[in-house]
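J.: This one is data_27.pdb, PDB, C-alpha atoms (C1' of nucleotides).
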```pdb
ATOM      1  CA  MET A   1      43.501  88.490  43.147  1.00  0.00           C
ATOM      2  CA  LYS A   2      42.699  86.264  46.093  1.00  0.00           C
ATOM      3  CA  VAL A   3      44.989  83.441  47.168  1.00  0.00           C
ATOM      4  CA  ARG A   4      43.976  80.731  49.614  1.00  0.00           C
ATOM      5  CA  THR A   5      46.028  79.808  52.673  1.00  0.00           C
ATOM      6  CA  LEU A   6      45.180  76.104  53.022  1.00  0.00           C
ATOM      7  CA  HIS A   7      47.846  75.395  55.629  1.00  0.00           C
ATOM      8  CA  SER A   8      49.727  76.801  58.583  1.00  0.00           C
ATOM      9  CA  TRP A   9      53.401  77.584  58.171  1.00  0.00           C
ATOM     10  CA  PRO A  10      55.719  74.609  58.809  1.00  0.00           C
ATOM     11  CA  ALA A  11      58.394  75.004  61.476  1.00  0.00           C
ATOM     12  CA  THR A  12      60.423  71.966  60.493  1.00  0.00           C
ATOM     13  CA  ALA A  13      61.358  70.030  57.386  1.00  0.00           C
ATOM     14  CA  ASP A  14      59.123  67.161  58.492  1.00  0.00           C
ATOM     15  CA  GLU A  15      56.161  69.508  58.803  1.00  0.00           C
ATOM     16  CA  ALA A  16      56.909  71.023  55.410  1.00  0.00           C
ATOM     17  CA  GLU A  17      56.951  67.591  53.793  1.00  0.00           C
ATOM     18  CA  ALA A  18      53.674  66.802  55.528  1.00  0.00           C
ATOM     19  CA  VAL A  19      52.129  69.941  54.023  1.00  0.00           C
ATOM     20  CA  GLN A  20      53.219  68.858  50.560  1.00  0.00           C
ATOM     21  CA  ASP A  21      51.802  65.378  51.067  1.00  0.00           C
ATOM     22  CA  ARG A  22      48.521  66.833  52.272  1.00  0.00           C
ATOM     23  CA  LEU A  23      48.142  69.291  49.385  1.00  0.00           C
ATOM     24  CA  ARG A  24      49.283  66.839  46.721  1.00  0.00           C
ATOM     25  CA  PRO A  25      45.803  65.244  46.374  1.00  0.00           C
ATOM     26  CA  LEU A  26      44.317  68.673  45.619  1.00  0.00           C
ATOM     27  CA  LEU A  27      46.125  68.801  42.294  1.00  0.00           C
ATOM     28  CA  ASP A  28      43.973  68.665  39.199  1.00  0.00           C
ATOM     29  CA  LEU A  29      45.909  66.623  36.686  1.00  0.00           C
ATOM     30  CA  THR A  30      42.999  65.834  34.416  1.00  0.00           C
ATOM     31  CA  GLY A  31      42.217  67.720  31.241  1.00  0.00           C
ATOM     32  CA  SER A  32      44.648  69.221  28.783  1.00  0.00           C
ATOM     33  CA  GLY A  33      44.944  72.731  30.142  1.00  0.00           C
ATOM     34  CA  PRO A  34      43.507  76.233  29.948  1.00  0.00           C
ATOM     35  CA  ALA A  35      41.234  76.533  26.934  1.00  0.00           C
ATOM     36  CA  GLU A  36      42.122  80.094  26.114  1.00  0.00           C
ATOM     37  CA  VAL A  37      45.188  81.841  27.471  1.00  0.00           C
ATOM     38  CA  GLY A  38      44.875  85.590  27.179  1.00  0.00           C
ATOM     39  CA  THR A  39      47.387  86.506  29.847  1.00  0.00           C
ATOM     40  CA  VAL A  40      50.356  84.655  31.331  1.00  0.00           C
ATOM     41  CA  ALA A  41      52.078  85.499  34.604  1.00  0.00           C
ATOM     42  CA  GLY A  42      55.775  84.966  35.183  1.00  0.00           C
ATOM     43  CA  LEU A  43      57.116  84.692  38.745  1.00  0.00           C
ATOM     44  CA  ASP A  44      60.664  84.993  39.991  1.00  0.00           C
ATOM     45  CA  VAL A  45      62.602  85.892  43.126  1.00  0.00           C
ATOM     46  CA  SER A  46      65.966  87.560  43.650  1.00  0.00           C
ATOM     47  CA  TYR A  47      67.986  87.352  46.850  1.00  0.00           C
ATOM     48  CA  GLU A  48      70.266  89.768  48.589  1.00  0.00           C
ATOM     49  CA  GLU A  49      73.685  88.293  49.306  1.00  0.00           C
ATOM     50  CA  GLY A  50      74.351  87.387  52.881  1.00  0.00           C
ATOM     51  CA  THR A  51      70.904  88.290  54.208  1.00  0.00           C
ATOM     52  CA  ASP A  52      67.509  86.652  53.905  1.00  0.00           C
ATOM     53  CA  ARG A  53      66.067  89.717  52.208  1.00  0.00           C
ATOM     54  CA  LEU A  54      64.467  88.995  48.859  1.00  0.00           C
ATOM     55  CA  ALA A  55      62.253  90.473  46.168  1.00  0.00           C
ATOM     56  CA  ALA A  56      59.373  88.534  44.629  1.00  0.00           C
ATOM     57  CA  ALA A  57      58.122  89.720  41.254  1.00  0.00           C
ATOM     58  CA  VAL A  58      55.137  88.832  39.108  1.00  0.00           C
ATOM     59  CA  VAL A  59      54.828  90.088  35.554  1.00  0.00           C
ATOM     60  CA  VAL A  60      51.646  89.506  33.556  1.00  0.00           C
ATOM     61  CA  LEU A  61      52.079  89.369  29.791  1.00  0.00           C
ATOM     62  CA  ASP A  62      49.620  89.370  26.950  1.00  0.00           C
ATOM     63  CA  ALA A  63      50.021  85.826  25.674  1.00  0.00           C
ATOM     64  CA  ALA A  64      49.705  86.818  22.040  1.00  0.00           C
ATOM     65  CA  THR A  65      52.031  89.797  21.922  1.00  0.00           C
ATOM     66  CA  LEU A  66      54.197  89.019  24.953  1.00  0.00           C
ATOM     67  CA  ARG A  67      53.713  92.609  26.037  1.00  0.00           C
ATOM     68  CA  PRO A  68      53.488  93.296  29.787  1.00  0.00           C
ATOM     69  CA  VAL A  69      50.052  94.308  31.047  1.00  0.00           C
ATOM     70  CA  GLU A  70      50.698  94.401  34.796  1.00  0.00           C
ATOM     71  CA  GLU A  71      53.554  94.113  37.292  1.00  0.00           C
ATOM     72  CA  SER A  72      53.848  93.476  41.014  1.00  0.00           C
ATOM     73  CA  VAL A  73      56.916  93.400  43.277  1.00  0.00           C
ATOM     74  CA  VAL A  74      57.189  92.776  46.999  1.00  0.00           C
ATOM     75  CA  ILE A  75      60.238  92.919  49.262  1.00  0.00           C
ATOM     76  CA  GLY A  76      60.261  90.181  51.874  1.00  0.00           C
ATOM     77  CA  THR A  77      62.404  87.634  53.666  1.00  0.00           C
ATOM     78  CA  ALA A  78      63.187  83.988  53.084  1.00  0.00           C
ATOM     79  CA  ALA A  79      60.605  82.057  55.089  1.00  0.00           C
ATOM     80  CA  PHE A  80      62.504  78.771  55.298  1.00  0.00           C
ATOM     81  CA  PRO A  81      66.054  77.492  54.913  1.00  0.00           C
ATOM     82  CA  TYR A  82      67.005  76.193  51.513  1.00  0.00           C
ATOM     83  CA  VAL A  83      66.437  72.463  51.376  1.00  0.00           C
ATOM     84  CA  PRO A  84      66.168  70.708  48.010  1.00  0.00           C
ATOM     85  CA  GLY A  85      62.566  69.537  47.737  1.00  0.00           C
ATOM     86  CA  LEU A  86      61.342  72.190  50.184  1.00  0.00           C
ATOM     87  CA  PHE A  87      62.520  75.142  48.177  1.00  0.00           C
ATOM     88  CA  ALA A  88      58.995  76.493  47.698  1.00  0.00           C
ATOM     89  CA  PHE A  89      58.655  77.389  51.371  1.00  0.00           C
ATOM     90  CA  ARG A  90      61.381  80.003  51.017  1.00  0.00           C
ATOM     91  CA  GLU A  91      59.587  82.151  48.494  1.00  0.00           C
ATOM     92  CA  LEU A  92      55.916  81.252  48.881  1.00  0.00           C
ATOM     93  CA  PRO A  93      54.789  83.961  51.339  1.00  0.00           C
ATOM     94  CA  THR A  94      56.318  86.827  49.372  1.00  0.00           C
ATOM     95  CA  LEU A  95      55.241  85.446  46.011  1.00  0.00           C
ATOM     96  CA  VAL A  96      51.694  85.060  47.303  1.00  0.00           C
ATOM     97  CA  GLU A  97      51.668  88.644  48.497  1.00  0.00           C
ATOM     98  CA  ALA A  98      52.830  89.818  45.083  1.00  0.00           C
ATOM     99  CA  LEU A  99      50.070  87.775  43.462  1.00  0.00           C
ATOM    100  CA  GLU A 100      47.449  89.206  45.795  1.00  0.00           C
ATOM    101  CA  ARG A 101      48.387  92.733  44.757  1.00  0.00           C
ATOM    102  CA  LEU A 102      47.562  91.827  41.183  1.00  0.00           C
ATOM    103  CA  THR A 103      44.458  93.348  39.591  1.00  0.00           C
ATOM    104  CA  THR A 104      44.602  90.993  36.632  1.00  0.00           C
ATOM    105  CA  VAL A 105      43.776  87.326  37.145  1.00  0.00           C
ATOM    106  CA  PRO A 106      46.179  85.582  34.758  1.00  0.00           C
ATOM    107  CA  ASP A 107      45.140  82.463  32.843  1.00  0.00           C
ATOM    108  CA  LEU A 108      48.424  80.678  33.502  1.00  0.00           C
ATOM    109  CA  LEU A 109      51.271  80.824  36.030  1.00  0.00           C
ATOM    110  CA  VAL A 110      54.823  80.210  34.817  1.00  0.00           C
ATOM    111  CA  CYS A 111      57.012  79.462  37.833  1.00  0.00           C
ATOM    112  CA  ASP A 112      60.775  79.393  38.237  1.00  0.00           C
ATOM    113  CA  GLY A 113      61.380  75.896  39.516  1.00  0.00           C
ATOM    114  CA  HIS A 114      59.697  72.538  39.103  1.00  0.00           C
ATOM    115  CA  GLY A 115      56.131  71.312  39.318  1.00  0.00           C
ATOM    116  CA  LEU A 116      55.628  67.556  39.268  1.00  0.00           C
ATOM    117  CA  ALA A 117      59.329  66.987  38.588  1.00  0.00           C
ATOM    118  CA  HIS A 118      59.825  66.833  42.337  1.00  0.00           C
ATOM    119  CA  PRO A 119      60.624  64.010  44.800  1.00  0.00           C
ATOM    120  CA  ARG A 120      57.076  64.086  46.215  1.00  0.00           C
ATOM    121  CA  ARG A 121      55.495  65.402  42.992  1.00  0.00           C
ATOM    122  CA  PHE A 122      54.735  68.752  44.569  1.00  0.00           C
ATOM    123  CA  GLY A 123      57.198  71.444  43.578  1.00  0.00           C
ATOM    124  CA  LEU A 124      56.686  75.224  43.693  1.00  0.00           C
ATOM    125  CA  ALA A 125      54.533  75.276  40.540  1.00  0.00           C
ATOM    126  CA  CYS A 126      52.129  72.717  42.023  1.00  0.00           C
ATOM    127  CA  HIS A 127      51.987  74.588  45.315  1.00  0.00           C
ATOM    128  CA  LEU A 128      51.193  77.935  43.692  1.00  0.00           C
ATOM    129  CA  GLY A 129      48.660  76.293  41.421  1.00  0.00           C
ATOM    130  CA  VAL A 130      46.749  74.795  44.330  1.00  0.00           C
ATOM    131  CA  LEU A 131      46.826  77.998  46.396  1.00  0.00           C
ATOM    132  CA  THR A 132      45.581  80.161  43.520  1.00  0.00           C
ATOM    133  CA  GLY A 133      43.429  77.604  41.758  1.00  0.00           C
ATOM    134  CA  LEU A 134      45.035  78.723  38.488  1.00  0.00           C
ATOM    135  CA  PRO A 135      46.679  76.564  35.830  1.00  0.00           C
ATOM    136  CA  SER A 136      50.427  76.517  36.474  1.00  0.00           C
ATOM    137  CA  LEU A 137      53.632  75.044  35.139  1.00  0.00           C
ATOM    138  CA  GLY A 138      57.240  74.945  36.211  1.00  0.00           C
ATOM    139  CA  VAL A 139      60.359  75.810  34.240  1.00  0.00           C
ATOM    140  CA  GLY A 140      63.587  74.713  35.893  1.00  0.00           C
ATOM    141  CA  LYS A 141      67.057  75.632  34.704  1.00  0.00           C
ATOM    142  CA  THR A 142      68.569  72.518  36.242  1.00  0.00           C
ATOM    143  CA  ARG A 143      67.340  69.067  37.193  1.00  0.00           C
ATOM    144  CA  LEU A 144      66.061  68.109  40.630  1.00  0.00           C
ATOM    145  CA  VAL A 145      64.938  64.542  39.983  1.00  0.00           C
ATOM    146  CA  GLY A 146      64.718  62.175  37.051  1.00  0.00           C
ATOM    147  CA  SER A 147      66.869  60.937  34.206  1.00  0.00           C
ATOM    148  CA  TYR A 148      66.689  61.736  30.510  1.00  0.00           C
ATOM    149  CA  ASP A 149      68.309  61.444  27.145  1.00  0.00           C
ATOM    150  CA  PRO A 150      69.706  64.671  25.726  1.00  0.00           C
ATOM    151  CA  PRO A 151      67.148  66.257  23.373  1.00  0.00           C
ATOM    152  CA  GLY A 152      68.076  67.083  19.770  1.00  0.00           C
ATOM    153  CA  GLU A 153      69.979  70.280  19.055  1.00  0.00           C
ATOM    154  CA  PRO A 154      67.249  72.220  17.183  1.00  0.00           C
ATOM    155  CA  ARG A 155      64.834  74.500  19.040  1.00  0.00           C
ATOM    156  CA  GLY A 156      61.701  72.591  19.965  1.00  0.00           C
ATOM    157  CA  SER A 157      63.471  69.260  20.496  1.00  0.00           C
ATOM    158  CA  MET A 158      62.461  67.478  23.690  1.00  0.00           C
ATOM    159  CA  SER A 159      62.823  64.276  25.669  1.00  0.00           C
ATOM    160  CA  ASP A 160      61.015  62.791  28.645  1.00  0.00           C
ATOM    161  CA  LEU A 161      62.198  63.370  32.193  1.00  0.00           C
ATOM    162  CA  VAL A 162      61.625  60.078  33.997  1.00  0.00           C
ATOM    163  CA  ASP A 163      61.706  59.478  37.745  1.00  0.00           C
ATOM    164  CA  ALA A 164      60.823  56.214  39.469  1.00  0.00           C
ATOM    165  CA  GLY A 165      59.419  54.914  36.203  1.00  0.00           C
ATOM    166  CA  GLU A 166      57.066  57.809  35.540  1.00  0.00           C
ATOM    167  CA  VAL A 167      57.286  60.747  33.168  1.00  0.00           C
ATOM    168  CA  VAL A 168      57.414  63.737  35.510  1.00  0.00           C
ATOM    169  CA  GLY A 169      58.427  66.372  33.006  1.00  0.00           C
ATOM    170  CA  ARG A 170      60.171  67.131  29.758  1.00  0.00           C
ATOM    171  CA  VAL A 171      63.610  68.392  28.835  1.00  0.00           C
ATOM    172  CA  LEU A 172      62.983  71.103  26.264  1.00  0.00           C
ATOM    173  CA  ARG A 173      65.437  72.900  23.980  1.00  0.00           C
ATOM    174  CA  THR A 174      64.042  76.419  23.596  1.00  0.00           C
ATOM    175  CA  GLN A 175      66.766  77.689  21.247  1.00  0.00           C
ATOM    176  CA  ASP A 176      69.159  75.974  18.855  1.00  0.00           C
ATOM    177  CA  GLY A 177      72.181  74.678  20.729  1.00  0.00           C
ATOM    178  CA  VAL A 178      71.405  76.180  24.136  1.00  0.00           C
ATOM    179  CA  ARG A 179      71.127  74.174  27.326  1.00  0.00           C
ATOM    180  CA  PRO A 180      67.626  72.751  27.587  1.00  0.00           C
ATOM    181  CA  VAL A 181      65.132  73.733  30.313  1.00  0.00           C
ATOM    182  CA  PHE A 182      63.088  71.371  32.473  1.00  0.00           C
ATOM    183  CA  VAL A 183      59.354  71.759  32.021  1.00  0.00           C
ATOM    184  CA  SER A 184      56.797  70.103  34.262  1.00  0.00           C
ATOM    185  CA  ALA A 185      53.080  70.465  34.897  1.00  0.00           C
ATOM    186  CA  GLY A 186      51.955  72.231  38.030  1.00  0.00           C
ATOM    187  CA  HIS A 187      48.154  72.337  38.243  1.00  0.00           C
ATOM    188  CA  ARG A 188      45.290  72.058  35.734  1.00  0.00           C
ATOM    189  CA  ILE A 189      47.554  71.570  32.719  1.00  0.00           C
ATOM    190  CA  ASP A 190      49.141  68.659  30.912  1.00  0.00           C
ATOM    191  CA  LEU A 191      52.760  68.281  29.895  1.00  0.00           C
ATOM    192  CA  ASP A 192      52.227  68.767  26.171  1.00  0.00           C
ATOM    193  CA  THR A 193      50.279  71.963  26.676  1.00  0.00           C
ATOM    194  CA  ALA A 194      52.880  73.172  29.171  1.00  0.00           C
ATOM    195  CA  CYS A 195      55.715  72.636  26.694  1.00  0.00           C
ATOM    196  CA  ARG A 196      53.745  74.321  23.937  1.00  0.00           C
ATOM    197  CA  HIS A 197      53.326  77.422  26.085  1.00  0.00           C
ATOM    198  CA  VAL A 198      56.947  77.524  27.204  1.00  0.00           C
ATOM    199  CA  LEU A 199      58.147  77.305  23.626  1.00  0.00           C
ATOM    200  CA  ALA A 200      55.787  80.085  22.560  1.00  0.00           C
ATOM    201  CA  LEU A 201      57.011  82.212  25.455  1.00  0.00           C
ATOM    202  CA  ALA A 202      60.641  81.754  24.443  1.00  0.00           C
ATOM    203  CA  PRO A 203      60.890  83.016  20.845  1.00  0.00           C
ATOM    204  CA  ASP A 204      64.321  84.619  21.235  1.00  0.00           C
ATOM    205  CA  TYR A 205      66.022  83.417  24.406  1.00  0.00           C
ATOM    206  CA  ARG A 206      66.562  80.266  26.416  1.00  0.00           C
ATOM    207  CA  LEU A 207      64.183  81.272  29.194  1.00  0.00           C
ATOM    208  CA  PRO A 208      60.558  82.292  28.645  1.00  0.00           C
ATOM    209  CA  GLU A 209      59.876  86.036  28.498  1.00  0.00           C
ATOM    210  CA  THR A 210      57.733  85.670  31.595  1.00  0.00           C
ATOM    211  CA  THR A 211      60.599  84.621  33.822  1.00  0.00           C
ATOM    212  CA  ARG A 212      63.062  86.969  32.121  1.00  0.00           C
ATOM    213  CA  ARG A 213      60.814  89.916  32.823  1.00  0.00           C
ATOM    214  CA  ALA A 214      60.091  88.823  36.393  1.00  0.00           C
ATOM    215  CA  ASP A 215      63.809  88.321  36.977  1.00  0.00           C
ATOM    216  CA  ARG A 216      64.626  91.836  35.840  1.00  0.00           C
ATOM    217  CA  LEU A 217      61.863  93.326  37.947  1.00  0.00           C
ATOM    218  CA  SER A 218      62.873  91.492  41.116  1.00  0.00           C
ATOM    219  CA  ARG A 219      66.510  92.528  40.718  1.00  0.00           C
ATOM    220  CA  GLN A 220      65.775  96.181  40.197  1.00  0.00           C
ATOM    221  CA  ALA A 221      63.482  96.084  43.217  1.00  0.00           C
ATOM    222  CA  LEU A 222      66.309  94.714  45.374  1.00  0.00           C
ATOM    223  CA  ALA A 223      68.691  97.360  44.115  1.00  0.00           C
ATOM    224  CA  GLY A 224      66.180 100.135  44.602  1.00  0.00           C
ATOM    225  CA  PRO A 225      65.829 102.478  47.623  1.00  0.00           C
ATOM    226  CA  LEU A 226      65.614 100.429  50.800  1.00  0.00           C
ATOM    227  CA  PRO A 227      62.674 101.274  53.075  1.00  0.00           C
ATOM    228  CA  ALA A 228      63.618 103.922  55.652  1.00  0.00           C
TER
ATOM    229  C1'  DG B   1      79.277  54.417  52.972  1.00  0.00           C
ATOM    230  C1'  DC B   2      79.323  57.689  48.769  1.00  0.00           C
ATOM    231  C1'  DG B   3      77.074  61.068  45.688  1.00  0.00           C
ATOM    232  C1'  DA B   4      72.980  64.088  44.329  1.00  0.00           C
ATOM    233  C1'  DC B   5      70.468  67.905  45.554  1.00  0.00           C
ATOM    234  C1'  DA B   6      64.822  73.397  41.992  1.00  0.00           C
ATOM    235  C1'  DG B   7      66.590  78.554  43.811  1.00  0.00           C
TER
ATOM    236  C1'  DA C   1      70.163  82.360  44.699  1.00  0.00           C
ATOM    237  C1'  DT C   2      74.855  85.122  44.645  1.00  0.00           C
ATOM    238  C1'  DC C   3      80.041  85.926  44.195  1.00  0.00           C
ATOM    239  C1'  DT C   4      83.330  86.546  39.882  1.00  0.00           C
ATOM    240  C1'  DT C   5      87.951  86.981  35.095  1.00  0.00           C
ATOM    241  C1'  DG C   6      88.920  85.498  31.483  1.00  0.00           C
ATOM    242  C1'  DT C   7      87.794  83.129  27.547  1.00  0.00           C
ATOM    243  C1'  DC C   8      85.639  80.583  23.692  1.00  0.00           C
ATOM    244  C1'  DG C   9      82.619  81.296  19.737  1.00  0.00           C
ATOM    245  C1'  DC C  10      79.813  83.692  16.251  1.00  0.00           C
TER
END
```
Give the structure from this file in structure tokens form.

T.:
Amino acid sequence: MKVRTLHSWPATADEAEAVQDRLRPLLDLTGSGPAEVGTVAGLDVSYEEGTDRLAAAVVVLDAATLRPVEESVVIGTAAFPYVPGLFAFRELPTLVEALERLTTVPDLLVCDGHGLAHPRRFGLACHLGVLTGLPSLGVGKTRLVGSYDPPGEPRGSMSDLVDAGEVVGRVLRTQDGVRPVFVSAGHRIDLDTACRHVLALAPDYRLPETTRRADRLSRQALAGPLPA
DNA sequence: GCGACAG
DNA sequence: ATCTTGTCGC
């Protein structure tokens, strides 16, 4: 599939923040979300210790059966230092390349990291949504911003994630008794629809099958034969 | 000034 | 993200 560029690569943290502020208005936060989701793509990145070598993986699943229909992995390098709030710039170039090698155009992107639950309301999920034009959502394993009350213990329990007085995401328990995940909208989807999809994608484990599969793929790619 | 801080 | 032993719980 094709992915737009929309901006030059930032050289400094200030420039990176400026990019986020400039792309932020391009977000489509109206409407409830994709009408029909046939395929869902999961994205994840694994890093090699000590170096800036990484592997970005995209796995497309059939939304109904959760069976993989296409995979894509690309070895690359971290394109930015890790700075909370600017995390997306590390993985974006390699993730985009992996997406571009995809034959299937997925109906939804499930990203590892936050969407609107971000200090400037433009996390990785928002960024990828705008660049691809596809509906996207973020699933974070830990909090970046916001406060919340602990959700109930049963699977499906949730509570609002609130930052600066606004609901930026939801804390969702995907399995009985496990640590909850942080779900936020990225692009062209609302929070309720996002949570509904994440729950459906996580029938057996804490993390959605999309990210679990992408995680496995990216790790095996890193371990695999290094290019001569 | 002292914490907090996606992956 | 990644490095790591034992340990608690079902």

J.: Got a sec: who's within 9 Å of segment 54-66 of chain A, counting all atoms listed in the file, leaving out chain neighbours fewer than 5 positions off, as number ranges by chain?

T.: A: 37-48, 71-78, 91, 94-99, 102, 104-106, 200-201, 209-211, 213-222

J.: Tell me as a PyMOL selection string which residues belonging to chain C come within 10 Å of chain A, counting all atoms listed in the file.

T.: chain C and resi 1-3

J.: Run the PyMOL selection byres ((chain A) within 8 of (chain B)) against the file shown and list the residues it catches, as a list in words.

T.: Pro84, Gly85, Phe87, Gly113, His114, Gly140, Lys141, Thr142, Arg143 and Leu144 of chain A

J.: Quick check, in Å to one decimal: how far apart do atom CA of Arg179 of chain A and atom CA of Gly156 of chain A lie?

T.: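 Atom-to-atom, atom CA of Arg179 of chain A to atom CA of Gly156 of chain A, that is 12.1 Å.
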
J.: I need the output of the PyMOL selection byres ((chain A and resi 152) around 10) for this file as a list in words; which residues are they?

T.: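 The output of the PyMOL selection byres ((chain A and resi 152) around 10) on this file is Asp149, Pro150, Pro151, Glu153, Pro154, Arg155, Gly156, Ser157, Met158, Ser159, Leu172, Arg173, Asp176, Gly177 and Pro180 of chain A.
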
J.: So the first atom is atom CA of Cys111 of chain A and the second is atom CA of Ala125 of chain A; what is the distance between them in Å, to one decimal place?

T.: 5.6 Å

J.: To verify the selection step, state as an NGL selection string which residues the PyMOL selection byres ((chain A and resi 12) around 12) yields on this input.

T.: :A and (8-11 or 13-19 or 79-83 or 86 or 89)

J.: Go ahead and compute the interatomic distance for atom CA of Val183 of chain A and atom CA of Arg101 of chain A, in Å to one decimal.

T.: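 Spanning atom CA of Val183 of chain A to atom CA of Arg101 of chain A is a straight-line distance of 26.9 Å.
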
J.: Applying 12 Å and all atoms listed in the file, which residues near Pro25 of chain A remain after dropping the ones on its own chain fewer than 6 positions away? List them as a short mmCIF file (atom, residue, chain, number, x, y, z; two decimals) with C-alpha atoms, in the frame of the given file.

T.:
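The new file out18.cif reads:
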```cif
data_model
loop_
_atom_site.label_atom_id
_atom_site.label_comp_id
_atom_site.auth_asym_id
_atom_site.auth_seq_id
_atom_site.Cartn_x
_atom_site.Cartn_y
_atom_site.Cartn_z
CA VAL A 19 52.13 69.94 54.02
CA ARG A 120 57.08 64.09 46.22
CA ARG A 121 55.50 65.40 42.99
CA PHE A 122 54.74 68.75 44.57
CA CYS A 126 52.13 72.72 42.02
CA HIS A 127 51.99 74.59 45.32
CA VAL A 130 46.75 74.80 44.33
CA HIS A 187 48.15 72.34 38.24
#
```

J.: Please, can segment 39-51 of chain A be completed to N, CA, C and O atoms and returned as an mmCIF file, keeping the file's coordinate frame?

T.:
```cif
data_model
loop_
_atom_site.group_PDB
_atom_site.id
_atom_site.type_symbol
_atom_site.label_atom_id
_atom_site.label_comp_id
_atom_site.auth_asym_id
_atom_site.auth_seq_id
_atom_site.Cartn_x
_atom_site.Cartn_y
_atom_site.Cartn_z
ATOM 1 N N THR A 39 46.255 85.931 29.117
ATOM 2 C CA THR A 39 47.387 86.506 29.847
ATOM 3 C C THR A 39 48.163 85.424 30.591
ATOM 4 O O THR A 39 47.602 84.463 31.087
ATOM 5 N N VAL A 40 49.472 85.597 30.643
ATOM 6 C CA VAL A 40 50.356 84.655 31.331
ATOM 7 C C VAL A 40 51.192 85.403 32.357
ATOM 8 O O VAL A 40 51.763 86.451 32.054
ATOM 9 N N ALA A 41 51.283 84.856 33.556
ATOM 10 C CA ALA A 41 52.078 85.499 34.604
ATOM 11 C C ALA A 41 53.395 84.771 34.810
ATOM 12 O O ALA A 41 53.446 83.545 34.852
ATOM 13 N N GLY A 42 54.474 85.534 34.903
ATOM 14 C CA GLY A 42 55.775 84.966 35.183
ATOM 15 C C GLY A 42 56.169 85.353 36.598
ATOM 16 O O GLY A 42 55.938 86.485 37.025
ATOM 17 N N LEU A 43 56.724 84.415 37.366
ATOM 18 C CA LEU A 43 57.116 84.692 38.745
ATOM 19 C C LEU A 43 58.583 84.378 38.959
ATOM 20 O O LEU A 43 59.091 83.372 38.475
ATOM 21 N N ASP A 44 59.261 85.253 39.691
ATOM 22 C CA ASP A 44 60.664 84.993 39.991
ATOM 23 C C ASP A 44 61.069 85.758 41.252
ATOM 24 O O ASP A 44 60.435 86.748 41.616
ATOM 25 N N VAL A 45 62.131 85.284 41.880
ATOM 26 C CA VAL A 45 62.602 85.892 43.126
ATOM 27 C C VAL A 45 64.099 86.121 43.063
ATOM 28 O O VAL A 45 64.842 85.286 42.561
ATOM 29 N N SER A 46 64.534 87.277 43.549
ATOM 30 C CA SER A 46 65.966 87.560 43.650
ATOM 31 C C SER A 46 66.336 87.716 45.118
ATOM 32 O O SER A 46 65.535 88.216 45.901
ATOM 33 N N TYR A 47 67.542 87.301 45.464
ATOM 34 C CA TYR A 47 67.986 87.352 46.850
ATOM 35 C C TYR A 47 69.105 88.353 47.046
ATOM 36 O O TYR A 47 69.899 88.597 46.145
ATOM 37 N N GLU A 48 69.169 88.886 48.243
ATOM 38 C CA GLU A 48 70.266 89.768 48.589
ATOM 39 C C GLU A 48 71.339 88.909 49.249
ATOM 40 O O GLU A 48 71.045 88.139 50.155
ATOM 41 N N GLU A 49 72.568 89.064 48.763
ATOM 42 C CA GLU A 49 73.685 88.293 49.306
ATOM 43 C C GLU A 49 73.815 88.429 50.819
ATOM 44 O O GLU A 49 73.674 89.503 51.365
ATOM 45 N N GLY A 50 74.085 87.308 51.446
ATOM 46 C CA GLY A 50 74.351 87.387 52.881
ATOM 47 C C GLY A 50 73.139 87.463 53.777
ATOM 48 O O GLY A 50 73.145 86.880 54.861
ATOM 49 N N THR A 51 72.086 88.170 53.358
ATOM 50 C CA THR A 51 70.904 88.290 54.208
ATOM 51 C C THR A 51 69.801 87.340 53.743
ATOM 52 O O THR A 51 69.996 86.546 52.838
#
```
